[in-house]
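> This structure is in structure tokens; I'll ask about it shortly.
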Amino acid sequence: METLLPLMVGSLFAAGLYFILHRHLFKVILGLILFGLATNLFLFVVGGLTRGGTAIINKHEKVAVEPYADPVPQALLLTAIVIGFGIQAFAIVLIRRVYQTFKSNNLDELRKENEAH
Amino acid sequence: MPSDLLLLLPLLIPLYGALLCLMFWQKEKWQAAMAGLAQVAWLAGSAFLLQRVWVQDVVSTQIGNWPAPYGITLVADVFSALLLLAGAVIGLAVYLFSLQGLDVTRRRFGYYPLLLLLQMGVSGVCLTGDLFNLYVWFEVLLICCFALLSLGSTKGQLEGTLKYVTINFLASGLLLTGVGVVYSLFGSLNLAELAVLVRQPTHPNLPLLSMASIFFLVGFGVKSAIFPLFFWLPASYHTPPIAISAFIAGLITKVGIYTFIRLFTLIFVSDLGFLLPLLAILSGLTMLVGVIGAAAQTDFKKILSFHIISQIGYMLMGLAIYTPLAIAGSIFFIVHNILVKTNLFLISGVVAERYRTFSLKKLGDVYLEQPILALLFLVSALSLAGTPPLSGFWGKLMLAKAGLTAGNYILVATSLCVSLVTLFSMTKIWNEVFWKPKAQSLEKKLTRAPVNLFRLRQLYLPVILLLVFILFIGVCARPLVQLSERAANGLLHIENYTETVLTNNNTRK
Amino acid sequence: MAGTIDWVLVKEIISCVFILTGVIFMLIASIGLLRFPDFYIRMSAITKGATLGLGLILLGMGVYFNQPGVMLKVLAIIGFTSITAPVAAHVIGRTAVQNRISFWPKTNLKEFEDYITKEHLEQPINHDKYTEDIKEDIRMEMGGGDDADNG
Amino acid sequence: MFYALLIGILAAAAAPLLFRAIGRRVVVPMVLIALLLFVYYCTFLPQVLQGQNLVEQYSWVPELGINLQFRMDGLSLLFALLISFFGALVMLYASGYLHNDRLLGRFYLYLTLFMTAMLGLVTSDNIFCLFISWELTSISSYLLIGFKQADKNARTAAWQALLVTGLGGLALMAGLILISISADSYTFSGLTEQRQLVQQHIFYLPAVILVLVGCFTKSAQFPFHFWLPNAMAAPTPVSAYLHSATMVKAGIYLLARLNPVLAGPDVWHYALMAAGGITAVLGAVLALQHTDLKAILAYTTISALGLLVTMLGLGSEYAVKAMLVFLLAHALYKGTLFLVTGCIDHSTGTRDLQKLHHLGPGMKYNGWAASLAALSMAGVFPFIGFVGKELLYESTLESLLLLAVNFIAGVAFVAVAIIIGFRVFWRKATDKTQLQHKAGFKLYFPPLVLAGIGLLLGVLVSSVPSPLLQQGARAVLADETAKLKLSLWHGFTPVLGLSVLTIIAGMLVYSFLPAIHTRVTALQPVYKYGPNAVYHKLFEQFLVKAKAFILWLQDGYLRSYVMYIMLFFCGLLLFTLQRDTPGINITDRIYQLQEVRLYELVVLFLVIAALVYLLGTRSRLTSIVVMGLIGYSAALFYILFGAPDVAITQFLIETLTVVIFVLLLHKLPAFTYLSHQFKKYKFIAISVLFGSLMTYVMLLVQQQAIPSELKKYYGKMSYMEAHGRNIVNVILVDFRGLDTLGEITVLAVAALGIFSLLRLNPEKGGKP
Amino acid sequence: MSILHVTLIISMIMLSICLLLNAIRFAIGPTLPDRITAFDLFVANIIGIIIIYTELTDNEDFIDVAMVLSLFGFLGSISFAYYIMKITK
Amino acid sequence: MKLLLIHIVVAGALIYAYFRQPGALIPYTALSTALLFLLLIIFLWVSSKFYNRSYYRKLPKLFYFLLYFLKELFVANLKIAYDIVTPHYRMQPTLLALPLNAKTDLEISLLANIISLTPGTLSIDISEDRSVLYVHTLYVKHGDVEQLKRSIKDGFERRILELTA
Amino acid sequence: MRTIIFATAIRYLTPVFLLFSVYILFRGHNHPGGGFIGGLIGSIAFVFHVLAHGSERTVNTYFQLTVFHQNRQENHSRTKYVWDLVGANTWKRIQPFKSASWQFYILRVRPAYMMATGLFIAVTSGVVGLLRGQSFMAAWWMEGEIPIIGAIGTPILFDTGVYLLVLGMVLKLVFTMSKE
Ligand code: NA
Ligand code: NA
């Protein structure tokens with residue numbers, strides 16, 4: 001799986017980016033979520049994969065016994081997931097508000113207030 | 001005061017302030033009072049911290065008493081304390097401005113707590129000594145920016161925030177992946193330990209460090225709006241009310257640059273032969289593109305927004321030259337720019353408060369109608385353009401001198417040309433907003449807006465406050481120059497930093 | 001005799017039986033999901049199969065671990081699923097009816113006509129709302145109008 | 001010397017306040033302060049004349065070599081006296097000239113600021129101190145040129161002056177830095193001592209070029225001369241003070257100051273002579289084509305500045321003397337003439353030569369002043385102008401070319417002198433110009449004084465100015481033994497012949513002037529290619545191109561931004577990867593594939609299939625269900641590789657996201673058909689590139705990963721010290737609790753932000 | 001390899017097949033409620049996989065995940081139903 | 001039936017207390033704990049005869065109900081399984097309008113859920129006046145709808161009402 | 001959604017979910033779970049409730065407390081009065097509605113306050129370390145263990161803060177959105 005998971009995560013990245021490059025607001029949300037998911041999985045995959053052994057100390061032991069998964073990437077991942085959730089929720093609401101205000105789901109039509117002018 | 005507490009105050013004060021604001025959610029006046037208290041306390045805390053690092057060079061504490069590479073480190077050196085202090089000053093100024101310069105609805109909808117939490121994020125970024133923790137604080141800062149930028153949900157704000165959110169989300173993703181890469185390759189998240197590890201020439205993963213650095217280069221590059229990653233900035237910074245954009249524009253990109261400088265002097269130092277020329281090119285292009293963008297604008301706020309980018313180029317320039325003087329120049333420039341940029345935004349806000357527009361075409365005659373404001377603007381603008389002996393000059397001089405000494409002639413030439421165009425833009429604003437007579441057709445419409453002179457005067461207060469600081473660091477440049485040099489020295493000679501962090505004695509029991 | 005019985009083996013065998021039965025139920029449910037002709041039949045037949053299968057698998061695990069804590073959790077999960085699964089099935093089924101998802105032509109709807117008139121669901125069943133069938137897409141491509149969308 | 005400057009600055013700051021308090025009487029204190037400064041500088045005379053250099057030093061920013069270092073020698077004192085004296089007169093004059101202006105307070109602010117800056121410039125010993133003053137003069141000049149801010153021409157001219165001198169200032173800064181680096185010294189005195197180092201350093205040539213650009217812009221040398229005539233949009237006292245007498249001479253001053261440091265190599269001399277010569281001739285020629293008095297004066301000023309630069313370039317002792325004398329003479333007569341022109345303008349409302357006739361009877365004091373100054377300008381005995389011209393000719397006798405330059409300029413000066421000193425005031429004409437106002441004391445006294453001094457100094461040339469000028473020459477030449485004995489009468493020499501010839505030629509030219517003026521229109525096309533036109537063309541083109549460029553780059557499309565960013569990232573990553581990576585061990589990878597379990601493979605397949613499906617579906621709800629599917633699959637992977645906490649969180653978050661979607665979905669955009677239409681393949685390519693790079697990085701990092709100490713430490717301490725068996729949770733709440741604190745802050749802020757996004761609508765006056 | 005182990009592996013394979021079958025139903029739809037049902041079953045399958053995995057690795061920590069999933073897995077379907085009702089009413 | 005909950009809590013607490021003391025005689029396994037638990041519940045149930053007669057009567061009914069339900073569950077599941085794996089469909093889907101005796105929310109939803117949980121039947125909706133439950137069912141024996149309704153009413157509804165009464 | 005079946009099920013399930021969430025919160029230190037997960041579970045329980053009953057009903061049921069109050073009469077003994085007050089606010093909650101002499105106040109638990117409280121608890125649990133002269137977030141554990149919950153210390157307090165914050169956050173979102 002060490003070999004295959006990166007492939008999957010890579011495709012998630014690619015799909016996420018592809019959707020973000022879309023001009024449809026809703027697809028952009030999907031893209032953001034996919035990208036976030038891919039980022040989290042990246043962290044997980046890169047942090048090392050251990051089958052089965054959780055980072056929880058057995059009730060008969062006082063210290064963790066190998067093999068156990070590296071808890072650090074997991075902890076980072078948890079934090080990142082939560083942060084990502086907050087930001088994604090905000091993004092979703094934002095996009096909904098944009099849609100409501102501009103009455104358009106086409107990002108290109110938002111260009112009317114072009115920033116460079 | 002113990003160093004532990006000093007390091008924590010910049011985090012805890014805004015947090016508790018924000019909490020109090022949340023508790024008084026229904027009472028805007030109380031919120032304002034709490035926020036004001038927190039601002040003053042933050043300023044005091046930062047000042048104390050700076051004083052402490054001036055004496056001790058580096059102070060650090062271990063969160064939760066866990067020893068250094070295992071627990072999270074908070075660490076302050078002159079650089080971080082300096083940035084914090086500058087942030088605290090503009091925080092106070094923006095707060096004062098918002099009392100009269102921001103509509104009451106926005107104030108009721110969480111402006112104060114958001115601003116405070118944003119400041120907490122800034123403190124976190126400046127003080128943390130841990131790579132992942134840095135990411136976390138950056139996210140705190142970002143989400144506060146999101147919320148503040150969109151606060152009010154006007155059309156422009158929404159569109160700007162959408163771009164801001166999307167691009168910064170991508171950048172955060174890259175940062176997070178970068179953190180993962182660094183952790184896997186080097187097995188640590190503590191900046192000080194990483195700094196030691198990457199300086200071991202035998203470390204097996206050293207060749208991959210520059211690959212890892214790309215994630216941070218692009219990630220923090222986006223956050224600090226360097227070329228070609230800056231697009232979100234001109235798209236969003238001009239959209240919210242001034243009390244919001246002034247703080248964000250003044251501080252946040254500089255925090256990005258702060259991190260940039262911190263990481264690329266502390267950790268990503270194994271491949272400077274590749275990075276420095278790259279940074280030099282990027283900084284030159286950043287300056288140029290920013291200034292060209294500004295030259296093309298005809299809106300007060302948009303001009304200022306594009307100039308942020310161009311000045312980011314200057315800050316990056318010091319890093320690209322990578323000598324003590326150059327980095328000191330960058331640091332000086334950062335501090336100067338935080339104050340001046342905020343002040344210019346605030347001034348644009350005062351102008352708009354009276355005339356209800358930011359358009360250069362519609363404005364005019366402010367020179368006659370608000371002479372004090374004109375003076376305040378002129379000094380700030382010239383400071384930005386680097387006219388001696390105002391604050392901008394010193395940074396420019398240090399950078400130019402360092403660049404010429406180090407042989408980066410093209411970069412210096414670019415920076416000087418850019419500074420000329422900056423002068424052009426600033427005087428363009430002066431010509432159009434202050435000198436030019438108002439168009440007759442618009443005159444009636446504009447003056448019909450009722451003017452509360454008392455309110456207007458109160459808006460001058462923060463501008464004057466900032467101007468005092470600007471004049472101080474211009475006319476009495478020596479303290480800041482010394483501080484910058486100390487800071488730069490600390491950045492280039494990290495032994496003190498790593499030693500303080502890794503042998504911190506407040507560890508377990 | 002008791003000494004010669006390998007209790008661990010017995011435990012494992014019981015566990016195996018439970019698990020295998022459960023998995024087979026689940027597999028059948030999945031096949032059914034694929035095979036059955038209309039939404040309601042799939043709904044009423046399948047999710048319950050899965051619930052039963054899941055319950056059996058869980059019991060198998062509970063037997064295997066043979067710990068009170070695990071068993072408690074197993075029972076809790078079974079309890080939870082047997083409350084949530086029918087509720088979910090009901091909610092979705094009701095929604096489907098309300099939205100005129102068509103019944104299998106052989107369905108006897110005699111007693112249901114009453115309901116249909118009361119809830120004003122007499123109009124011809126409109127599939128478009130929930131289908132992205134290819135024809136619709138082609139129409140969109142050609143005409144550039146609105147997509148076959150659920151909203 | 002520093003306190004003098006401080007007084008100046010304070011006076012400047014006080015000016016508007018005083019104006020508010022005492023109205024137009026503000027002129028009294030301002031003039032007094034200028035006079036006070038003049039007197040103060042006079043007190044240096046005895047010591048300076050004895051050859052002493054007075055030094056004053058305060059520490060400012062020693063880290064950068066910038067200190068408040070002042071030095072008073074002959075050259076500085078000459079300029080300081082000129083500036084302060086002139087300042088007093090101009091301030092007096094200005095109160096008459098602008099007597100109804102409600103911004104008079106600000107005028108004095110700018111003017112006093114300028115005067116102070118100028119004094120700082122000429123008394124600084126530290127090169128950066130000088131630079132600071134230099135820039136301040138540019139700024140105050142900008143404010144003064146644009147003083148009539150309602151006038152578009154004034155604004156444009158001010159802007160042009162600022163930008164041109166600003167460009168020069170930056171070049172100068174670079175040049176000064178180079179010089180300071182090459183000799184590691186920041187003072188003129190230090191640099192003079194280290195001149196060998198400077199001249200042998202590789203920076204010498206670029207430094208000279210940069211310094212010259214700085215000085216040439218300031219002193220309006222070709223090709224940067226064009227701003228000066230435009231700057232005549234300023235009120236006349238400003239033109240007189242800044243643009244003829246003082247500021248434009250700052251460049252000359254600096255060249256003179258740097259002469260001991262940089263002179264020697266040919267490039268210095270030839271560059272100065274070339275630029276100065278061209279400027280002198282060009283100014284002379286252009287002066288004769290105009291009919292606006294101020295323009296005429298401006299071009300002759302340019303010409304005179306050119307002569308000064310030429311002389312400095314010549315560099316001989318004689319030339320330096322000539323330069324100093326001519327500088328003094330020019331300041332006196334040109335200042336007078338400008339002030340008189342101002343009076344004319346003030347009294348008649350016009351400055352057009354062709355409309356001004358026989359003004360003398362109406363404004364006789366001014367007429368006298370003009371005539372006296374004109375005589376000096378024409379170089380008539382016994383005015384100081386005569387002495388200057390004699391010296392000029394004398395120093396260029398050896399070079400025919402320079403002599404010609406001198407001659408041409410001299411002829412033009414004579415012609416212009418006749419115009420102003422005679423034609424405007426005294427030539428009888430049938431249609432006498434009517435005066436609207438009568439010029440008061442404040443308007444005629446200052447020019448009269450200046451003109452009188454021009455005469456006086458000429459007469460007393462050997463006793464009064466000579467010693468000071470000698471000290472000045474010593475400073476310029478860095479030669480303590482240089483002698484400058486001036487006398488009014490040298491006897492009948494060839495030079496005298498040349499002077500006479502010049503006057504005669506000038507008269508001839510004057511007589512042809514009407515003809516020239518009528519032909520001038522024919523020359524108009526030529527100016528299209530002049531530097532002024534180039535400036536405007538550049539200015540406009542820059543704006544147009546900048547706008548086009550930024551519209552192209554910052555095009556408003558989110559996806560182009562994302563695309564640029566990602567391309568940049570991919571490019572850099574590719575570069576580092578192809579350069580540094582140890583490569584991926586393929587056999588290892590294939591071997592690892594044996595470990596793959598079927599269920600893992602199936603879930604993996606499902607995720608990929610779901611992605612493909614997602615790309616194709618156009619229903620929002622289906623997309624959301626598919627997203628849920630992908631999220632749950634990811635969570636399953638978390639479980640399979642030992643991360644139950646993460647998995648639970650992922651499940652719950654996924655569920656909540658669905659809920660949020662659903663709660664908001666009916667107001668979310670429907671999938672109206674929006675294809676990528678164009679550039680679709682480009683986007684696919686970028687996405688695939690990005691995805692594959694990330695895959696590669698993951699594979700690489702997995703292969704190179706090293707075991708972490710943190711894992712062991714946490715495994716050991718989690719239960720023993722932190723009382724928790726779930727290490728992940730212990731990390732979250734204890735080992736790395738600060739992360740979690742930040743994380744929950746993010747959540748709180750997100751909630752606040754969402755709340756305000758949904759509820760706050762300022763247009764409708766929302767309430768919390 | 002014990003009987004249990006073999007059984008578990010066979011079960012895993014069968015559950016994987018279930019996943020695939022669900023995916024097919026998901027893909028062909030044709031209506032949204034069909035997809036939601038498929039998703040429901042998918043969740044049940046995942047719970048099954050988790051349970052088997054728990055037994056396979058002898059690590060009871062994973063049961064908690066199954067517990068949470070069994071409690072909240074159906075929120076997804078409920079939400080969709082809620083949404084459909086909301087837009088059609 | 002609240003008493004059942006109380007009994008369960010009491011029994012649980014007793015078992016917890018018992019196993020916490022060191023050197024418990026009975027091995028701490030699921031089976032033994034369950035047996036112990038059952039024993040306790042039965043004891044408590046018997047004791048309830050003296051203070052809560054209705055609970056004393058209802059508990060066995062609950063037990064029978066559960067057994068009945070499990071039997072139905074299995075039978076129906078097998079029926080459907082057979083239908084799935086064989087090529088022909090034996091089902092005749094029918095929508096029943098089941099008149100309700102159940103009145104309270106709890107009763108109605110219990111009934112509806114039990115019906116839904118049994119394979120082959122699905123509660124679609126309840127009429128506005130709460131008098132009819134619409135059930136989608138797959139197998140109607142001999143096409144006799146009324147008989148099916150009666151069996152549901154006799155089977156599930158009656159038992160539920162008995163329990164909640 | 002006007003369906004009795006769903007509504008009833010949720011009515012009975014919500015307390016179970018909430019209990020479960022608290023259980024998950026406290027066992028998180030030793031098993032999978034913890035403040036964040038617990039908070040999410042608790043909030044999802046309320047989400048269900050909102051979906052089934054509407055946000056107003058949810059607020060009325062779980063986020064407001066009616067406090068009953070009565071002025072003491074002359075003939076009322078002090079003990080009896082207090083006893084009555086306690087009774088009216090605990091087990092006899094319905095009765096006071098029927099009597100005119102009782103007044104009532106409605107106390108509302110706003111999600112924003114819940115968030116603020118959560119954050120406050122989390123930070124303050126860290127400050128305990130500072131107050132004890134150690135560094136921020138230095139843990140402080142009580143002696144002994146409590147059944148089910150386990151050892152009690154500032155990290156648990158911290159996790160409780162997280163729990164409350166997450167609960168408040170999701171509730172804030174859901175209430176805001178459902179009122180849209
Ligand atoms: Na946890
Ligand atoms: Na967490």
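A note on labels: chains of the structure tokens are A, B, ... as shown, every chain counts residues from 1, and ligands are counted from 1 in their shown order.
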If the limit is 10 Å from any atom of ligand 1, counting only C-alpha atoms and all ligand atoms, which residues qualify? Return them as a PyMOL selection string.
(chain A and resi 75+78) or (chain D and resi 644-646+648-649+726-733) or (chain G and resi 24-38+159)
> Would you return as a PyMOL selection string the members of range 4-165 of chain F that DSSP assigns to alpha helix (DSSP H) on this structure's backbone?
chain F and resi 4-20+30-48+53-85+105-117+145-152+158-164
> Which one is closest to chain A: G:Val166, G:Thr58, G:Trp83, G:Thr66? Count only C-alpha atoms.
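Of the candidates, the smallest distance to chain A is held by G:Val166.
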> Select, from E:Thr57, E:Ser16, E:Ser70, E:Ile47, the residue with the minimum atom-to-atom distance to chain D, counting only C-alpha atoms.
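When distances to chain D are compared using only C-alpha atoms, the smallest one comes from E:Ser16.
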> Give me the residues near range 42-50 of chain C as a list in words, where near means some atom within 7 Å (using only C-alpha atoms) and where sequence neighbours in that chain fewer than 3 positions away do not count.
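Near neighbours after the sequence-gap exclusion: Phe25, Met26, Ala29, Gly32, Leu33, Phe36, Asp38, Phe39, Gly53, Leu54 and Ala89 of chain C; Thr37, Leu41 and Ala44 of chain E; Asn77, Ile80, Leu117, Thr118, Pro119, Gly120, Thr121 and Leu122 of chain F.
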> I need the residues from that last selection saved to file as a PDB file, in the first residue's frame (with C-alpha atoms), if you can.

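Done, and the output landed in again-v4.pdb:
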```pdb
ATOM      1  CA  PHE C  25     -26.341 -11.926   4.467  1.00  0.00           C
ATOM      2  CA  MET C  26     -24.511  -8.768   3.573  1.00  0.00           C
ATOM      3  CA  ALA C  29     -28.084  -7.824   0.343  1.00  0.00           C
ATOM      4  CA  GLY C  32     -30.143  -7.694  -4.104  1.00  0.00           C
ATOM      5  CA  LEU C  33     -29.339  -4.061  -4.252  1.00  0.00           C
ATOM      6  CA  PHE C  36     -34.109  -5.749  -7.534  1.00  0.00           C
ATOM      7  CA  ASP C  38     -37.380  -0.664  -8.101  1.00  0.00           C
ATOM      8  CA  PHE C  39     -36.182   1.623  -5.417  1.00  0.00           C
ATOM      9  CA  GLY C  53     -25.605  -9.293   8.660  1.00  0.00           C
ATOM     10  CA  LEU C  54     -23.858  -6.612  10.591  1.00  0.00           C
ATOM     11  CA  ALA C  89     -35.143   3.652   5.603  1.00  0.00           C
TER      12      ALA C  89
ATOM     13  CA  THR E  37     -29.428   3.654  -0.309  1.00  0.00           C
ATOM     14  CA  LEU E  41     -25.190  -0.015   2.520  1.00  0.00           C
ATOM     15  CA  ALA E  44     -22.785  -0.783   6.727  1.00  0.00           C
TER      16      ALA E  44
ATOM     17  CA  ASN F  77     -34.459 -12.385   5.532  1.00  0.00           C
ATOM     18  CA  ILE F  80     -35.683 -12.419   0.480  1.00  0.00           C
ATOM     19  CA  LEU F 117     -36.765  -3.427  10.413  1.00  0.00           C
ATOM     20  CA  THR F 118     -38.392  -6.612   9.253  1.00  0.00           C
ATOM     21  CA  PRO F 119     -37.206  -7.397   5.771  1.00  0.00           C
ATOM     22  CA  GLY F 120     -39.776  -7.135   3.073  1.00  0.00           C
ATOM     23  CA  THR F 121     -41.804  -4.448   4.745  1.00  0.00           C
ATOM     24  CA  LEU F 122     -41.216  -0.739   4.882  1.00  0.00           C
TER      25      LEU F 122
END
```
> Give the residues of chain G that lie within 12 Å of chain C; count only C-alpha atoms, and format the answer as a PyMOL selection string.
chain G and resi 1-10+12-14+16-17+20+48+51-52+148
> Between CA of Leu477 in chain D and CA of Val405 in chain D, what is the distance in Å, rounded to a tenth?
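Atom-to-atom, CA of Leu477 in chain D and CA of Val405 in chain D are spaced 23.5 Å apart.
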> How many Å separate CA of Ala23 in chain E from CA of Ala38 in chain E?
7.3 Å
